[in-house]
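Step one of this worksheet: look at the structure below.
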Protein chains: 2
Amino acid sequence: MTELTIGELSERSGIATSAIRYYEDRGLVRARRTTGNQRRYERPMLRRLAFIRTAQRVGLSLEEIEEALATLPSNRTPTKADWSRLSRGWRPRLDAQIAQLERLRDTLDSCIGCGCLSLRRCTLSNPDDVAAGRGPGPVFLEGR
Amino acid sequence: MTELTIGELSERSGIATSAIRYYEDRGLVRARRTTGNQRRYERPMLRRLAFIRTAQRVGLSLEEIEEALATLPSNRTPTKADWSRLSRGWRPRLDAQIAQLERLRDTLDSCIGCGCLSLRRCTLSNPDDVAAGRGPGPVFLEGR
DNA sequence: CCACAAGTTGAAGTGAACTTTAGGTCAAGG
DNA sequence: CCTTGACCTAAAGTTCACTTCAACTTGTGG
C-alpha cells in the first residue's frame with residue numbers, strides 16, 4: 001500500500017478527515033482520485049500535514065500557511081531543505097511571542113503588589129507594545 | 001461629573017461601547033440607569049474593565065473572567081487587595097504558556113536543520129505536552 | 001454477491017467574542 | 001423649541017477553523 005486513503009491519512013496524522021477535506025477546500029492540500037472518486041494520498045502528504053499542524057502551533061493562520069505552502073516548488077516533491085526554509089521563519093515569531101508574554105508577566109509582577117490595574121498609571125492595561133508583536137493573534141485580543 | 005456615560009467609559013477604557021454592552025449581557029459588568037434608561041458608570045468600573053482586558057491578555061476566556069469576578073465581595077467596592085488576589089493566579093498560567101512556547105522553539109531549533117517534520121520521529125508534530133498546558137487556548141489548537 | 005464500513009458532496013451548525021444594523025429615544029447646545 | 005449626536009434594544013452578521021448532517025456511492029471481508 002503505497003498510497004493512503006483519507007482515513008489512513010487521518011489516523012497517521014492525527015488530523016480529522018473533515019479537517020483534511022476542509023484543507024483541500026482551502027487549497028492547502030490536494031489528492032489524486034480513484035475511478036470511484038475517492039481520495040488517495042502519497043506519503044509526502046504526511047509531512048505537509050505535519051507542517052500545517054506545527055505552523056498552527058506557532059500561531060499562523062491557515063491563510064498564512066497557505067501563502068507559505070505556495071512558495072514550495074510545484075514541479076517536484078518538496079525536499080527537507082524546502083521544509084527547513086519555511087520553518088526557519090517561525091523562530092523570530094516565536095521569540096516575539098515569548099518576549100511579549102514575559103513582558104506581561106513582569107509587568108504583572110510589579111502590579112500585583114499594588115493591585116492597581118489603573119488604566120492610566122499601570123502599563124498592564126495599556127499595552128502599547130501589542131501591535132508590534134503581530135504574531136500570536138488570538139491570545140492578544142488587542143491586536144485585532 | 002462623577003459618573004460616566006457609556007461613551008465616556010468606552011473612550012477612557014479603550015473598549016468599544018458594543019463590547020461593554022455585550023459584557024453586561026454576559027453579566028460581567030452592571031450599570032445604573034438614568035430615568036431615561038441610559039447607562040451610568042462609577043469610577044471603579046474602569047478598574048473592572050482593566051481587569052477584564054488584562055485577564056484576556058493572559059488568555060482567560062470571558063467565562064473564566066466571569067467566575068473570577070464572581071468571587072469579589074458584592075457588598076462593597078473591591079479594594080486593591082481584592083484585585084491583587086485575583087490577578088495573582090495568573091502568574092503560573094503565564095509561566096506555563098511561556099514554558100510551552102519555549103519548548104516549541106527549542107524543538108523547532110533542533111528540527112530546522114533536518115527539515116524532517118516527520119510525524120513519527122519529530123516531537124514537533126507530536127506535542128504530547130499540549131494538553132497539560134490548559135492555558136492559552138486559541139494559540140494551541142491541539143488543545144481544543 | 002452482499003452487507004456494511006468507509007468514502008463522497010454541499011450545506012448548515014459550532015463557539016468565542018464581538019460588531020453591525022434597524023428602528024427608535026434621550027439630552028444638551030443654539 | 002428644535003436639531004443633532006449620543007444612547008437604547010433585539011436580532012442578525014462576522015471571522016476562524018472546523019464539525020456535523022443528510023443523502024448518497026464505493027470498496028472489501030466473509
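Identifiers for the C-alpha cells are assigned positionally: chains receive A, B, ... in sequence, residues are indexed from 1 per chain, and ligands are indexed from 1 in the order shown.
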
- What residues in chain C have any atom no more than 10 Å from chain B when counting only C-alpha atoms (C1' of nucleotides), and can you write them as a PyMOL selection string? chain C and resi 16-20+25-27

Filtered DSSP result for region 19-97 of chain B, state helix (DSSP H, G or I), as a PyMOL selection string:
chain B and resi 19-26+44-58+62-70+80-88+90-97

Suppose we keep C-alpha atoms; can you now write the selection as a PDB file, in the first residue's frame?
ATOM      1  CA  ALA B  19     -18.323  45.332  23.805  1.00  0.00           C
ATOM      2  CA  ILE B  20     -19.313  46.965  27.089  1.00  0.00           C
ATOM      3  CA  ARG B  21     -22.967  46.258  26.397  1.00  0.00           C
ATOM      4  CA  TYR B  22     -22.020  42.718  25.461  1.00  0.00           C
ATOM      5  CA  TYR B  23     -20.212  42.317  28.784  1.00  0.00           C
ATOM      6  CA  GLU B  24     -23.361  43.485  30.504  1.00  0.00           C
ATOM      7  CA  ASP B  25     -25.390  40.851  28.665  1.00  0.00           C
ATOM      8  CA  ARG B  26     -22.847  38.292  29.804  1.00  0.00           C
ATOM      9  CA  PRO B  44     -14.465  51.647  39.838  1.00  0.00           C
ATOM     10  CA  MET B  45     -15.906  50.301  36.615  1.00  0.00           C
ATOM     11  CA  LEU B  46     -12.738  51.460  34.886  1.00  0.00           C
ATOM     12  CA  ARG B  47     -10.694  49.144  37.057  1.00  0.00           C
ATOM     13  CA  ARG B  48     -13.097  46.323  36.415  1.00  0.00           C
ATOM     14  CA  LEU B  49     -12.698  46.795  32.676  1.00  0.00           C
ATOM     15  CA  ALA B  50      -8.934  46.979  33.073  1.00  0.00           C
ATOM     16  CA  PHE B  51      -9.083  43.674  34.896  1.00  0.00           C
ATOM     17  CA  ILE B  52     -11.152  42.098  32.145  1.00  0.00           C
ATOM     18  CA  ARG B  53      -8.859  43.321  29.429  1.00  0.00           C
ATOM     19  CA  THR B  54      -5.703  42.220  31.171  1.00  0.00           C
ATOM     20  CA  ALA B  55      -7.182  38.828  32.008  1.00  0.00           C
ATOM     21  CA  GLN B  56      -7.889  38.384  28.315  1.00  0.00           C
ATOM     22  CA  ARG B  57      -4.285  39.159  27.526  1.00  0.00           C
ATOM     23  CA  VAL B  58      -3.287  36.415  29.922  1.00  0.00           C
ATOM     24  CA  LEU B  62     -14.864  35.615  29.353  1.00  0.00           C
ATOM     25  CA  GLU B  63     -16.411  32.685  31.153  1.00  0.00           C
ATOM     26  CA  GLU B  64     -13.361  32.271  33.350  1.00  0.00           C
ATOM     27  CA  ILE B  65     -13.214  36.005  33.929  1.00  0.00           C
ATOM     28  CA  GLU B  66     -16.836  35.962  34.954  1.00  0.00           C
ATOM     29  CA  GLU B  67     -16.107  33.249  37.509  1.00  0.00           C
ATOM     30  CA  ALA B  68     -13.214  35.245  38.887  1.00  0.00           C
ATOM     31  CA  LEU B  69     -15.308  38.399  39.159  1.00  0.00           C
ATOM     32  CA  ALA B  70     -17.997  36.436  40.947  1.00  0.00           C
ATOM     33  CA  LYS B  80      -6.735  46.853  45.621  1.00  0.00           C
ATOM     34  CA  ALA B  81      -6.224  43.747  47.726  1.00  0.00           C
ATOM     35  CA  ASP B  82      -9.238  42.151  46.060  1.00  0.00           C
ATOM     36  CA  TRP B  83      -7.886  42.815  42.594  1.00  0.00           C
ATOM     37  CA  SER B  84      -4.437  41.716  43.629  1.00  0.00           C
ATOM     38  CA  ARG B  85      -5.782  38.416  44.906  1.00  0.00           C
ATOM     39  CA  LEU B  86      -7.487  37.686  41.592  1.00  0.00           C
ATOM     40  CA  SER B  87      -4.563  38.562  39.389  1.00  0.00           C
ATOM     41  CA  ARG B  88      -2.086  36.621  41.493  1.00  0.00           C
ATOM     42  CA  TRP B  90      -2.380  34.488  36.523  1.00  0.00           C
ATOM     43  CA  ARG B  91       1.301  34.080  37.197  1.00  0.00           C
ATOM     44  CA  PRO B  92       1.537  30.261  36.936  1.00  0.00           C
ATOM     45  CA  ARG B  93      -0.628  30.381  33.903  1.00  0.00           C
ATOM     46  CA  LEU B  94       1.667  32.820  32.177  1.00  0.00           C
ATOM     47  CA  ASP B  95       4.676  30.765  33.232  1.00  0.00           C
ATOM     48  CA  ALA B  96       3.122  27.667  31.689  1.00  0.00           C
ATOM     49  CA  GLN B  97       2.392  29.478  28.430  1.00  0.00           C
TER      50      GLN B  97
END

Atom pair CA of Glu42 (chain A) + CA of Leu104 (chain B), distance 27.6 Å

| Test item: chain D residues at most 12 Å from chain A, counting only C-alpha atoms (C1' of nucleotides), as number ranges by chain | D: 15-20, 25-27

Identify, on the basis of only C-alpha atoms (C1' of nucleotides), every residue whose closest approach to DT4 (chain D) does not exceed 12 Å; exclude the query and any residue fewer than 2 positions from it along the same chain; express the result as a PDB file with N, CA and C atoms (P, O5', C5', C4', C3', O3' and C1' of nucleotides), in the first residue's frame.
ATOM      1  P    DC C  26     -37.301  58.375  25.817  1.00  0.00           P
ATOM      2  O5'  DC C  26     -35.918  59.114  26.071  1.00  0.00           O
ATOM      3  C5'  DC C  26     -34.748  58.310  26.227  1.00  0.00           C
ATOM      4  C4'  DC C  26     -33.514  59.178  26.376  1.00  0.00           C
ATOM      5  C3'  DC C  26     -33.689  60.466  27.167  1.00  0.00           C
ATOM      6  O3'  DC C  26     -32.569  60.530  28.045  1.00  0.00           O
ATOM      7  C1'  DC C  26     -32.805  60.952  25.027  1.00  0.00           C
ATOM      8  P    DA C  27     -32.471  61.676  29.198  1.00  0.00           P
ATOM      9  O5'  DA C  27     -31.522  62.718  28.470  1.00  0.00           O
ATOM     10  C5'  DA C  27     -30.152  62.373  28.209  1.00  0.00           C
ATOM     11  C4'  DA C  27     -29.425  63.583  27.633  1.00  0.00           C
ATOM     12  C3'  DA C  27     -29.652  64.887  28.382  1.00  0.00           C
ATOM     13  O3'  DA C  27     -28.467  65.641  28.215  1.00  0.00           O
ATOM     14  C1'  DA C  27     -30.371  65.170  26.195  1.00  0.00           C
ATOM     15  P    DA C  28     -27.840  66.467  29.479  1.00  0.00           P
ATOM     16  O5'  DA C  28     -26.826  67.462  28.733  1.00  0.00           O
ATOM     17  C5'  DA C  28     -26.050  66.995  27.625  1.00  0.00           C
ATOM     18  C4'  DA C  28     -25.950  68.083  26.572  1.00  0.00           C
ATOM     19  C3'  DA C  28     -25.937  69.505  27.126  1.00  0.00           C
ATOM     20  O3'  DA C  28     -25.022  70.255  26.335  1.00  0.00           O
ATOM     21  C1'  DA C  28     -27.680  69.296  25.593  1.00  0.00           C
ATOM     22  P    DG C  29     -24.486  71.698  26.897  1.00  0.00           P
ATOM     23  O5'  DG C  29     -24.228  72.507  25.559  1.00  0.00           O
ATOM     24  C5'  DG C  29     -23.748  71.837  24.390  1.00  0.00           C
ATOM     25  C4'  DG C  29     -24.227  72.582  23.142  1.00  0.00           C
ATOM     26  C3'  DG C  29     -24.126  74.100  23.233  1.00  0.00           C
ATOM     27  O3'  DG C  29     -23.685  74.580  21.969  1.00  0.00           O
ATOM     28  C1'  DG C  29     -26.376  73.467  22.829  1.00  0.00           C
ATOM     29  P    DG C  30     -23.434  76.120  21.699  1.00  0.00           P
ATOM     30  O5'  DG C  30     -24.717  76.505  20.844  1.00  0.00           O
ATOM     31  C5'  DG C  30     -24.878  75.974  19.526  1.00  0.00           C
ATOM     32  C4'  DG C  30     -26.099  76.611  18.880  1.00  0.00           C
ATOM     33  C3'  DG C  30     -26.126  78.141  18.936  1.00  0.00           C
ATOM     34  O3'  DG C  30     -26.691  78.647  17.726  1.00  0.00           O
ATOM     35  C1'  DG C  30     -28.047  77.290  19.981  1.00  0.00           C
TER      36       DG C  30
ATOM     37  P    DC D   2     -40.419  73.347  17.210  1.00  0.00           P
ATOM     38  O5'  DC D   2     -39.039  73.139  16.460  1.00  0.00           O
ATOM     39  C5'  DC D   2     -38.035  74.182  16.493  1.00  0.00           C
ATOM     40  C4'  DC D   2     -36.659  73.551  16.306  1.00  0.00           C
ATOM     41  C3'  DC D   2     -36.724  72.124  15.745  1.00  0.00           C
ATOM     42  O3'  DC D   2     -35.624  71.974  14.862  1.00  0.00           O
ATOM     43  C1'  DC D   2     -35.506  72.134  17.729  1.00  0.00           C
ATOM     44  P    DA D   6     -21.406  62.086  19.168  1.00  0.00           P
ATOM     45  O5'  DA D   6     -22.062  61.306  20.394  1.00  0.00           O
ATOM     46  C5'  DA D   6     -22.359  62.012  21.599  1.00  0.00           C
ATOM     47  C4'  DA D   6     -23.389  61.243  22.396  1.00  0.00           C
ATOM     48  C3'  DA D   6     -23.063  59.750  22.552  1.00  0.00           C
ATOM     49  O3'  DA D   6     -23.197  59.397  23.927  1.00  0.00           O
ATOM     50  C1'  DA D   6     -25.266  60.026  21.770  1.00  0.00           C
TER      51       DA D   6
END

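If only C-alpha atoms are the atoms counted, then among B:Thr77, B:Leu60, B:Arg40, B:Ala31 the closest residue to chain A is B:Leu60.
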
* **Straight-line distance linking CA of Ser10 (chain A) with CA of Tyr41 (chain A), stated in Å to one decimal** =>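 Atom-to-atom, CA of Ser10 (chain A) to CA of Tyr41 (chain A), that is 10.8 Å.
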